[in-house]
file my_file_34.cif (mmCIF, C-alpha atoms)
data_target
#
loop_
_atom_site.label_atom_id
_atom_site.label_comp_id
_atom_site.auth_asym_id
_atom_site.auth_seq_id
_atom_site.Cartn_x
_atom_site.Cartn_y
_atom_site.Cartn_z
CA GLU Q 1 -1.44 24.28 -34.03
CA SER Q 2 -4.67 24.96 -32.13
CA GLU Q 3 -3.56 22.68 -29.29
CA GLN Q 4 -0.18 24.43 -29.17
CA ILE Q 5 -1.89 27.83 -28.93
CA GLU Q 6 -4.16 26.56 -26.17
CA ARG Q 7 -1.19 25.16 -24.21
CA GLU Q 8 0.68 28.45 -24.54
CA PHE Q 9 -2.41 30.31 -23.39
CA ILE Q 10 -2.84 28.08 -20.34
CA ASN Q 11 0.81 28.65 -19.40
CA THR Q 12 0.46 32.41 -19.90
CA ALA Q 13 -2.84 32.58 -18.00
CA ALA Q 14 -1.37 30.54 -15.13
CA HIS Q 15 1.58 32.94 -14.91
CA GLU Q 16 -0.69 36.00 -15.11
CA LEU Q 17 -2.96 34.61 -12.39
CA ARG Q 18 -0.06 33.55 -10.17
CA THR Q 19 1.77 36.89 -10.23
CA PRO Q 20 -0.91 39.11 -8.61
CA THR Q 21 -2.00 36.27 -6.31
CA GLN Q 22 1.53 35.87 -4.95
CA ALA Q 23 1.85 39.63 -4.52
CA ILE Q 24 -1.42 39.84 -2.56
CA THR Q 25 -0.40 36.88 -0.38
CA GLY Q 26 3.08 38.30 0.22
CA TYR Q 27 1.93 41.78 1.23
CA THR Q 28 -0.81 40.30 3.43
CA GLU Q 29 1.77 38.21 5.31
CA MET Q 30 3.98 41.27 5.80
CA ASP Q 31 0.98 43.18 7.12
CA ASP Q 32 0.26 40.36 9.57
CA GLU Q 33 3.75 40.80 11.01
CA LEU Q 34 3.32 44.57 11.26
CA PHE Q 35 -0.08 44.26 12.97
CA ASN Q 36 1.28 41.71 15.44
CA HIS Q 37 4.17 44.06 16.20
CA LEU Q 38 1.76 46.94 16.76
CA LEU Q 39 -0.48 44.93 19.07
CA LYS Q 40 2.43 43.54 21.07
CA TYR Q 41 4.34 46.79 21.54
CA SER Q 42 1.68 49.46 21.05
CA ASN Q 43 2.47 51.14 24.41
CA GLU Q 44 6.23 51.15 23.85
CA LEU Q 45 6.59 52.34 20.26
CA GLN Q 46 7.96 55.81 19.60
CA GLN Q 47 6.14 58.22 17.26
CA GLN Q 48 8.77 57.82 14.56
CA GLU Q 49 8.42 54.03 14.60
CA LEU Q 50 4.61 54.30 14.48
CA GLU Q 51 4.83 56.58 11.45
CA ARG Q 52 7.16 54.14 9.72
CA ILE Q 53 4.76 51.25 10.32
CA HIS Q 54 1.77 53.29 9.16
CA LYS Q 55 3.62 54.23 5.97
CA LYS Q 56 4.49 50.59 5.28
CA LEU Q 57 0.88 49.51 5.86
CA PHE Q 58 -0.35 52.15 3.42
CA GLU Q 59 2.17 51.10 0.75
CA HIS Q 60 1.21 47.46 1.16
CA HIS Q 61 -2.48 48.36 0.96
CA GLU Q 62 -1.93 50.14 -2.37
CA SER Q 63 -0.04 47.14 -3.77
CA ILE Q 64 -2.72 44.71 -2.60
CA SER Q 65 -5.43 46.89 -4.11
CA SER Q 66 -3.71 47.25 -7.50
CA ASN Q 67 -2.97 43.53 -7.72
CA ALA Q 68 -6.53 42.66 -6.70
CA ILE Q 69 -7.82 44.88 -9.54
CA ARG Q 70 -5.38 43.24 -11.95
CA LEU Q 71 -6.51 39.79 -10.83
CA GLY Q 72 -10.17 40.74 -11.12
CA ASN Q 73 -9.68 42.07 -14.64
CA LEU Q 74 -7.87 38.92 -15.69
CA ILE Q 75 -10.60 36.68 -14.29
CA SER Q 76 -13.25 38.81 -16.06
CA ASN Q 77 -11.35 38.44 -19.34
CA LEU Q 78 -11.12 34.67 -18.97
CA LEU Q 79 -14.85 34.46 -18.20
CA ASP Q 80 -15.67 36.68 -21.18
CA VAL Q 81 -13.62 34.45 -23.49
CA ALA Q 82 -15.42 31.38 -22.14
CA ARG Q 83 -18.79 33.05 -22.82
CA ILE Q 84 -17.78 34.23 -26.28
CA ASP Q 85 -16.38 30.84 -27.30
CA SER Q 86 -19.35 28.88 -26.02
CA ASN Q 87 -21.71 27.44 -28.59
CA GLN Q 88 -24.70 29.19 -27.05
CA LYS Q 89 -26.01 32.32 -28.70
CA ASN Q 90 -26.27 35.70 -26.99
CA MET Q 91 -23.86 34.79 -24.20
CA ILE Q 92 -22.73 38.43 -24.09
CA MET Q 93 -25.60 40.02 -22.20
CA LEU Q 94 -26.09 43.73 -22.91
CA GLN Q 95 -27.99 46.11 -20.65
CA LYS Q 96 -28.50 49.12 -22.89
CA GLU Q 97 -29.20 52.59 -21.58
CA ARG Q 98 -28.76 56.20 -22.61
CA VAL Q 99 -25.05 57.02 -22.28
CA ASP Q 100 -23.04 60.20 -22.81
CA LEU Q 101 -20.07 59.02 -24.87
CA VAL Q 102 -18.09 62.20 -24.19
CA LYS Q 103 -18.48 61.82 -20.43
CA GLU Q 104 -17.46 58.15 -20.48
CA ILE Q 105 -14.26 58.88 -22.43
CA ASN Q 106 -13.41 61.76 -20.09
CA ASP Q 107 -14.03 59.54 -17.05
CA VAL Q 108 -11.70 56.84 -18.41
CA ILE Q 109 -9.00 59.47 -19.02
CA ASN Q 110 -9.40 61.46 -15.82
CA PHE Q 111 -10.16 58.72 -13.31
CA HIS Q 112 -9.49 55.14 -14.41
CA LEU Q 113 -6.22 55.77 -16.28
CA TYR Q 114 -5.10 59.10 -14.81
CA GLN Q 115 -2.15 57.68 -12.85
CA LYS Q 116 -0.77 55.76 -15.83
CA ILE Q 117 -1.03 58.89 -17.99
CA LYS Q 118 0.69 60.95 -15.29
CA ASP Q 119 3.47 58.39 -14.75
CA LYS Q 120 4.44 58.50 -18.44
CA ASN Q 121 3.81 62.24 -18.78
CA ILE Q 122 1.52 61.65 -21.76
CA LYS Q 123 -0.46 64.52 -23.24
CA VAL Q 124 -4.02 63.52 -24.09
CA ASN Q 125 -5.88 65.42 -26.82
CA PHE Q 126 -9.58 64.56 -26.76
CA VAL Q 127 -11.91 66.28 -29.20
CA ASN Q 128 -15.61 65.63 -29.69
CA ASP Q 129 -15.42 66.95 -33.22
CA THR Q 130 -18.75 65.52 -34.36
CA LEU Q 131 -21.02 68.16 -32.87
CA LEU Q 132 -18.43 70.46 -31.27
CA GLU Q 133 -20.46 70.22 -28.07
CA ASP Q 134 -19.96 68.72 -24.63
CA HIS Q 135 -22.19 65.66 -25.04
CA TYR Q 136 -22.82 62.82 -27.46
CA TRP Q 137 -25.64 60.50 -26.56
CA ILE Q 138 -25.81 56.85 -27.60
CA ASN Q 139 -27.85 53.84 -26.49
CA THR Q 140 -25.44 51.14 -25.34
CA ASP Q 141 -24.21 48.99 -22.45
CA ILE Q 142 -22.20 51.38 -20.26
CA SER Q 143 -20.06 48.72 -18.54
CA ARG Q 144 -19.11 47.08 -21.84
CA LEU Q 145 -18.41 50.49 -23.43
CA ASN Q 146 -16.08 51.29 -20.53
CA GLN Q 147 -14.38 47.91 -20.95
CA ILE Q 148 -13.64 48.70 -24.62
CA LEU Q 149 -12.48 52.27 -23.91
CA ASN Q 150 -10.29 51.16 -21.01
CA ASN Q 151 -8.65 48.48 -23.11
CA LEU Q 152 -7.93 50.66 -26.16
CA ILE Q 153 -6.75 53.73 -24.23
CA ASP Q 154 -4.72 51.61 -21.79
CA ASN Q 155 -3.01 49.92 -24.76
CA ALA Q 156 -2.31 53.32 -26.32
CA ILE Q 157 -0.69 54.47 -23.07
CA LYS Q 158 1.33 51.25 -22.74
CA PHE Q 159 2.77 51.52 -26.24
CA SER Q 160 3.36 55.29 -26.21
CA ASN Q 161 6.76 56.66 -25.33
CA ASN Q 162 7.33 58.75 -22.21
CA SER Q 163 6.24 62.37 -22.78
CA GLY Q 164 4.36 61.19 -25.86
CA SER Q 165 0.86 62.10 -26.96
CA LEU Q 166 -2.46 60.35 -27.32
CA ASP Q 167 -5.24 61.58 -29.62
CA ILE Q 168 -8.90 60.62 -29.15
CA LEU Q 169 -11.61 61.74 -31.54
CA ILE Q 170 -15.36 61.23 -31.91
CA TYR Q 171 -16.65 61.78 -35.41
CA GLU Q 172 -19.49 60.92 -37.78
CA ASN Q 173 -17.98 61.91 -41.12
CA THR Q 174 -15.61 59.25 -42.44
CA ALA Q 175 -13.61 61.99 -44.19
CA ILE Q 176 -11.58 62.41 -41.02
CA GLN Q 177 -8.85 64.59 -42.58
CA GLU Q 178 -10.91 67.73 -42.02
CA ASN Q 179 -11.94 66.65 -38.53
CA LYS Q 180 -8.29 66.11 -37.60
CA LYS Q 181 -7.68 69.85 -37.93
CA MET Q 182 -9.36 70.22 -34.55
CA ILE Q 183 -6.43 68.54 -32.79
CA GLN Q 184 -3.87 71.33 -32.62
CA ASN Q 185 -3.46 71.46 -36.41
CA LYS Q 186 -1.38 68.29 -36.36
CA ASP Q 187 -0.30 66.44 -39.49
CA LYS Q 188 -3.50 65.43 -41.25
CA SER Q 189 -1.77 62.46 -42.86
CA LYS Q 190 -2.06 60.58 -39.55
CA PHE Q 191 -5.72 59.89 -40.29
CA PRO Q 192 -5.99 59.41 -44.07
CA GLN Q 193 -9.50 58.81 -45.31
CA GLY Q 194 -8.56 55.58 -47.03
CA ASN Q 195 -7.31 54.01 -43.80
CA VAL Q 196 -10.10 55.23 -41.59
CA LYS Q 197 -12.95 53.93 -43.71
CA PRO Q 198 -13.54 50.18 -43.24
CA ALA Q 199 -15.37 49.99 -46.55
CA LYS Q 200 -16.97 52.16 -49.19
CA SER Q 201 -19.41 54.64 -47.65
CA ASN Q 202 -22.89 53.14 -47.36
CA GLU Q 203 -26.06 53.40 -45.31
CA TYR Q 204 -24.42 51.38 -42.51
CA GLU Q 205 -21.68 53.98 -42.09
CA LYS Q 206 -24.18 56.84 -42.01
CA GLU Q 207 -25.84 55.25 -38.97
CA GLN Q 208 -22.58 54.86 -37.03
CA VAL Q 209 -20.51 57.08 -34.75
CA TYR Q 210 -16.75 56.51 -34.79
CA ILE Q 211 -14.22 56.70 -31.94
CA ALA Q 212 -10.53 56.86 -32.90
CA VAL Q 213 -7.64 56.33 -30.43
CA SER Q 214 -4.18 57.17 -31.77
CA ASP Q 215 -0.89 56.71 -29.90
CA SER Q 216 2.67 57.92 -30.48
CA GLY Q 217 4.43 54.59 -30.01
CA LYS Q 218 6.30 52.18 -32.24
CA GLY Q 219 3.28 51.06 -34.21
CA ILE Q 220 1.85 47.58 -34.71
CA SER Q 221 4.31 44.86 -35.71
CA PRO Q 222 3.70 43.60 -39.28
CA SER Q 223 3.68 40.03 -37.93
CA ILE Q 224 0.90 40.89 -35.46
CA LEU Q 225 -1.24 43.20 -37.61
CA PRO Q 226 -3.03 40.52 -39.72
CA ARG Q 227 -4.01 38.60 -36.56
CA LEU Q 228 -4.45 41.60 -34.28
CA PHE Q 229 -7.96 40.78 -33.07
CA GLU Q 230 -7.47 37.05 -32.70
CA LYS Q 231 -7.02 35.32 -29.35
CA PHE Q 232 -3.62 35.07 -27.67
CA ASN Q 233 -1.92 37.62 -29.95
CA THR Q 234 0.13 40.28 -28.19
CA ASP Q 235 3.00 42.60 -29.02
CA SER Q 236 3.90 42.99 -25.34
CA ASP Q 237 5.91 41.03 -22.80
CA VAL Q 238 2.98 41.08 -20.38
CA GLY Q 239 -0.67 40.19 -20.77
CA THR Q 240 -2.61 37.30 -22.25
CA GLY Q 241 -3.45 38.78 -25.64
CA LEU Q 242 -7.18 38.66 -24.95
CA GLY Q 243 -8.08 42.35 -24.65
CA LEU Q 244 -8.46 43.15 -28.36
CA TYR Q 245 -10.20 39.85 -29.07
CA ILE Q 246 -12.79 40.59 -26.38
CA SER Q 247 -13.12 44.23 -27.49
CA LYS Q 248 -13.86 43.12 -31.06
CA LYS Q 249 -16.55 40.71 -29.92
CA LEU Q 250 -18.12 43.33 -27.65
CA VAL Q 251 -18.14 46.00 -30.37
CA GLU Q 252 -19.76 43.56 -32.81
CA ALA Q 253 -22.33 42.51 -30.19
CA MET Q 254 -23.28 46.19 -29.83
CA GLY Q 255 -23.72 46.55 -33.60
CA GLY Q 256 -20.37 48.14 -34.53
CA LYS Q 257 -17.01 47.35 -36.12
CA ILE Q 258 -13.39 47.75 -35.02
CA TRP Q 259 -10.12 47.97 -36.97
CA ALA Q 260 -6.60 49.35 -36.69
CA PHE Q 261 -3.72 50.66 -38.81
CA ASN Q 262 -0.27 52.15 -38.44
CA ASN Q 263 -0.27 55.92 -38.87
CA GLN Q 264 0.89 57.30 -42.21
CA ASP Q 265 3.29 59.71 -40.53
CA GLY Q 266 5.22 56.69 -39.23
CA ILE Q 267 4.51 57.46 -35.56
CA GLY Q 268 2.28 55.09 -33.63
CA SER Q 269 -0.96 53.39 -34.56
CA THR Q 270 -4.68 54.14 -34.54
CA PHE Q 271 -7.60 52.01 -33.40
CA VAL Q 272 -11.09 52.91 -34.57
CA PHE Q 273 -14.39 51.41 -33.50
CA SER Q 274 -17.95 52.29 -34.42
CA LEU Q 275 -21.23 52.12 -32.56
CA PRO Q 276 -24.79 52.69 -33.76
CA LYS Q 277 -25.92 56.32 -33.55
CA MET Q 278 -28.97 57.37 -31.58
CA SER Q 279 -31.73 59.65 -32.79
CA ASN Q 280 -32.04 63.09 -31.19
CA LEU Q 281 -28.42 62.93 -30.00
CA ASN Q 282 -28.46 66.40 -28.51
CA ASN Q 283 -31.45 65.81 -26.24
CA PRO Q 284 -30.53 64.35 -22.84
#
call {"tool": "encode", "arguments": {"input": "my_file_34.cif", "output": "structure tokens"}}
result
Amino acid sequence: ESEQIEREFINTAAHELRTPTQAITGYTEMDDELFNHLLKYSNELQQQELERIHKKLFEHHESISSNAIRLGNLISNLLDVARIDSNQKNMIMLQKERVDLVKEINDVINFHLYQKIKDKNIKVNFVNDTLLEDHYWINTDISRLNQILNNLIDNAIKFSNNSGSLDILIYENTAIQENKKMIQNKDKSKFPQGNVKPAKSNEYEKEQVYIAVSDSGKGISPSILPRLFEKFNTDSDVGTGLGLYISKKLVEAMGGKIWAFNNQDGIGSTFVFSLPKMSNLNNP
């Protein structure tokens, strides 16, 4: 079974690597033809033809850029899996620093994933309900935190319907029902206390901050849910099924936990991960 999974992964990874590579190569070849045309007939081309060529070059540039980013992300994921699965300890290197969790979530929403949110007309509700202030300071690896946030929010966007909604919440109290009131008085049953708490409240939980990402999609398939954070599992037609596996390992390396559940109101699913709190959170 393990060998079968590995073979399927190699086939999937090969396809995922080949697709953006072929796109980059194809658009580069088309640009070569356009540049040669410009150089050969630069003194004879009319303004309208020049504008057409410039427009094509810009479109090709955007496609090359997006596919290069996709390829880079895939290679990073494959390298991360190789590091995680190696027998050596501490292969996930963390460079911890003081990070504003609120700012990082806002940056992911407003910059990294803005176009995807706009394309699907998704309404994002983000509430820092823990302190009801504009900052929440933690001591963590900023690049790895962004990797986790990007993966979870990107997944929520991918599985949300057009014109759907996406709720993001920072909280300390595991009794999230009361905190949920901050998000436009929505149905509190979406975040029942029993589902949100990974275990009975203890000293560990008191030292953690929790980030919840809830989508308005179809929910997690019952066949996928028990193996959600294992390698090669995916409920999508695209992707390698590595994102959640890597996110889990990163969260655990940073001293937290991650879990997921289908929302009680029957709409979408929620992913929650925790990170260690930092003393004097309000002091930058």
call {"tool": "closest_residue", "arguments": {"input": "my_file_34.cif", "among": "Q:Asn262, Q:Asn150, Q:Ser247, Q:Thr140", "to": "Q:Met278", "atoms": "all atoms listed in the file"}}
result
Q:Thr140
call {"tool": "closest_residue", "arguments": {"input": "my_file_34.cif", "among": "Q:Ile105, Q:Asn77, Q:Lys116, Q:Thr28", "to": "Q:Glu16", "atoms": "all atoms listed in the file"}}
result
Q:Asn77
call {"tool": "atom_distance", "arguments": {"input": "my_file_34.cif", "atom1": "atom CA of Q:Ala156", "atom2": "atom CA of Q:Asp215"}}
result
5.1 Å
call {"tool": "atom_distance", "arguments": {"input": "my_file_34.cif", "atom1": "atom CA of Q:Phe229", "atom2": "atom CA of Q:Ala253"}}
result
14.8 Å
call {"tool": "resolve_selection", "arguments": {"input": "my_file_34.cif", "expression": "the PyMOL selection byres ((chain Q and resi 51-63) around 10)", "output": "ChimeraX atom specification"}}
result
/Q:20,23-24,26-28,30-32,34-35,37-38,45-50,64-69
call {"tool": "write_last_selection", "arguments": {"input": "my_file_34.cif", "atoms": "C-alpha atoms", "output": "PDB file, in the coordinates of the input"}}
result
ATOM      1  CA  PRO Q  20      -0.910  39.110  -8.610  1.00  0.00           C
ATOM      2  CA  ALA Q  23       1.850  39.630  -4.520  1.00  0.00           C
ATOM      3  CA  ILE Q  24      -1.420  39.840  -2.560  1.00  0.00           C
ATOM      4  CA  GLY Q  26       3.080  38.300   0.220  1.00  0.00           C
ATOM      5  CA  TYR Q  27       1.930  41.780   1.230  1.00  0.00           C
ATOM      6  CA  THR Q  28      -0.810  40.300   3.430  1.00  0.00           C
ATOM      7  CA  MET Q  30       3.980  41.270   5.800  1.00  0.00           C
ATOM      8  CA  ASP Q  31       0.980  43.180   7.120  1.00  0.00           C
ATOM      9  CA  ASP Q  32       0.260  40.360   9.570  1.00  0.00           C
ATOM     10  CA  LEU Q  34       3.320  44.570  11.260  1.00  0.00           C
ATOM     11  CA  PHE Q  35      -0.080  44.260  12.970  1.00  0.00           C
ATOM     12  CA  HIS Q  37       4.170  44.060  16.200  1.00  0.00           C
ATOM     13  CA  LEU Q  38       1.760  46.940  16.760  1.00  0.00           C
ATOM     14  CA  LEU Q  45       6.590  52.340  20.260  1.00  0.00           C
ATOM     15  CA  GLN Q  46       7.960  55.810  19.600  1.00  0.00           C
ATOM     16  CA  GLN Q  47       6.140  58.220  17.260  1.00  0.00           C
ATOM     17  CA  GLN Q  48       8.770  57.820  14.560  1.00  0.00           C
ATOM     18  CA  GLU Q  49       8.420  54.030  14.600  1.00  0.00           C
ATOM     19  CA  LEU Q  50       4.610  54.300  14.480  1.00  0.00           C
ATOM     20  CA  ILE Q  64      -2.720  44.710  -2.600  1.00  0.00           C
ATOM     21  CA  SER Q  65      -5.430  46.890  -4.110  1.00  0.00           C
ATOM     22  CA  SER Q  66      -3.710  47.250  -7.500  1.00  0.00           C
ATOM     23  CA  ASN Q  67      -2.970  43.530  -7.720  1.00  0.00           C
ATOM     24  CA  ALA Q  68      -6.530  42.660  -6.700  1.00  0.00           C
ATOM     25  CA  ILE Q  69      -7.820  44.880  -9.540  1.00  0.00           C
TER      26      ILE Q  69
END
call {"tool": "resolve_selection", "arguments": {"input": "my_file_34.cif", "expression": "the PyMOL selection byres ((chain Q and resi 98) around 6)", "output": "list in words"}}
result
Glu97, Val99, Ile138 and Asn139 of chain Q
call {"tool": "atom_distance", "arguments": {"input": "my_file_34.cif", "atom1": "atom CA of Q:Glu172", "atom2": "atom CA of Q:Val209"}}
result
5.0 Å
call {"tool": "residues_around", "arguments": {"input": "my_file_34.cif", "residues": "Q:Phe261", "least_positions_apart": "6", "cutoff": "8 Å", "atoms": "all atoms listed in the file", "output": "count of residues only"}}
result
6
call {"tool": "residues_near_point", "arguments": {"input": "my_file_34.cif", "point": "(-23.9, 46.8, -26.5)", "cutoff": "9 Å", "atoms": "only C-alpha atoms", "output": "PyMOL selection string"}}
result
chain Q and resi 92-96+139-142+144-145+250-256+275
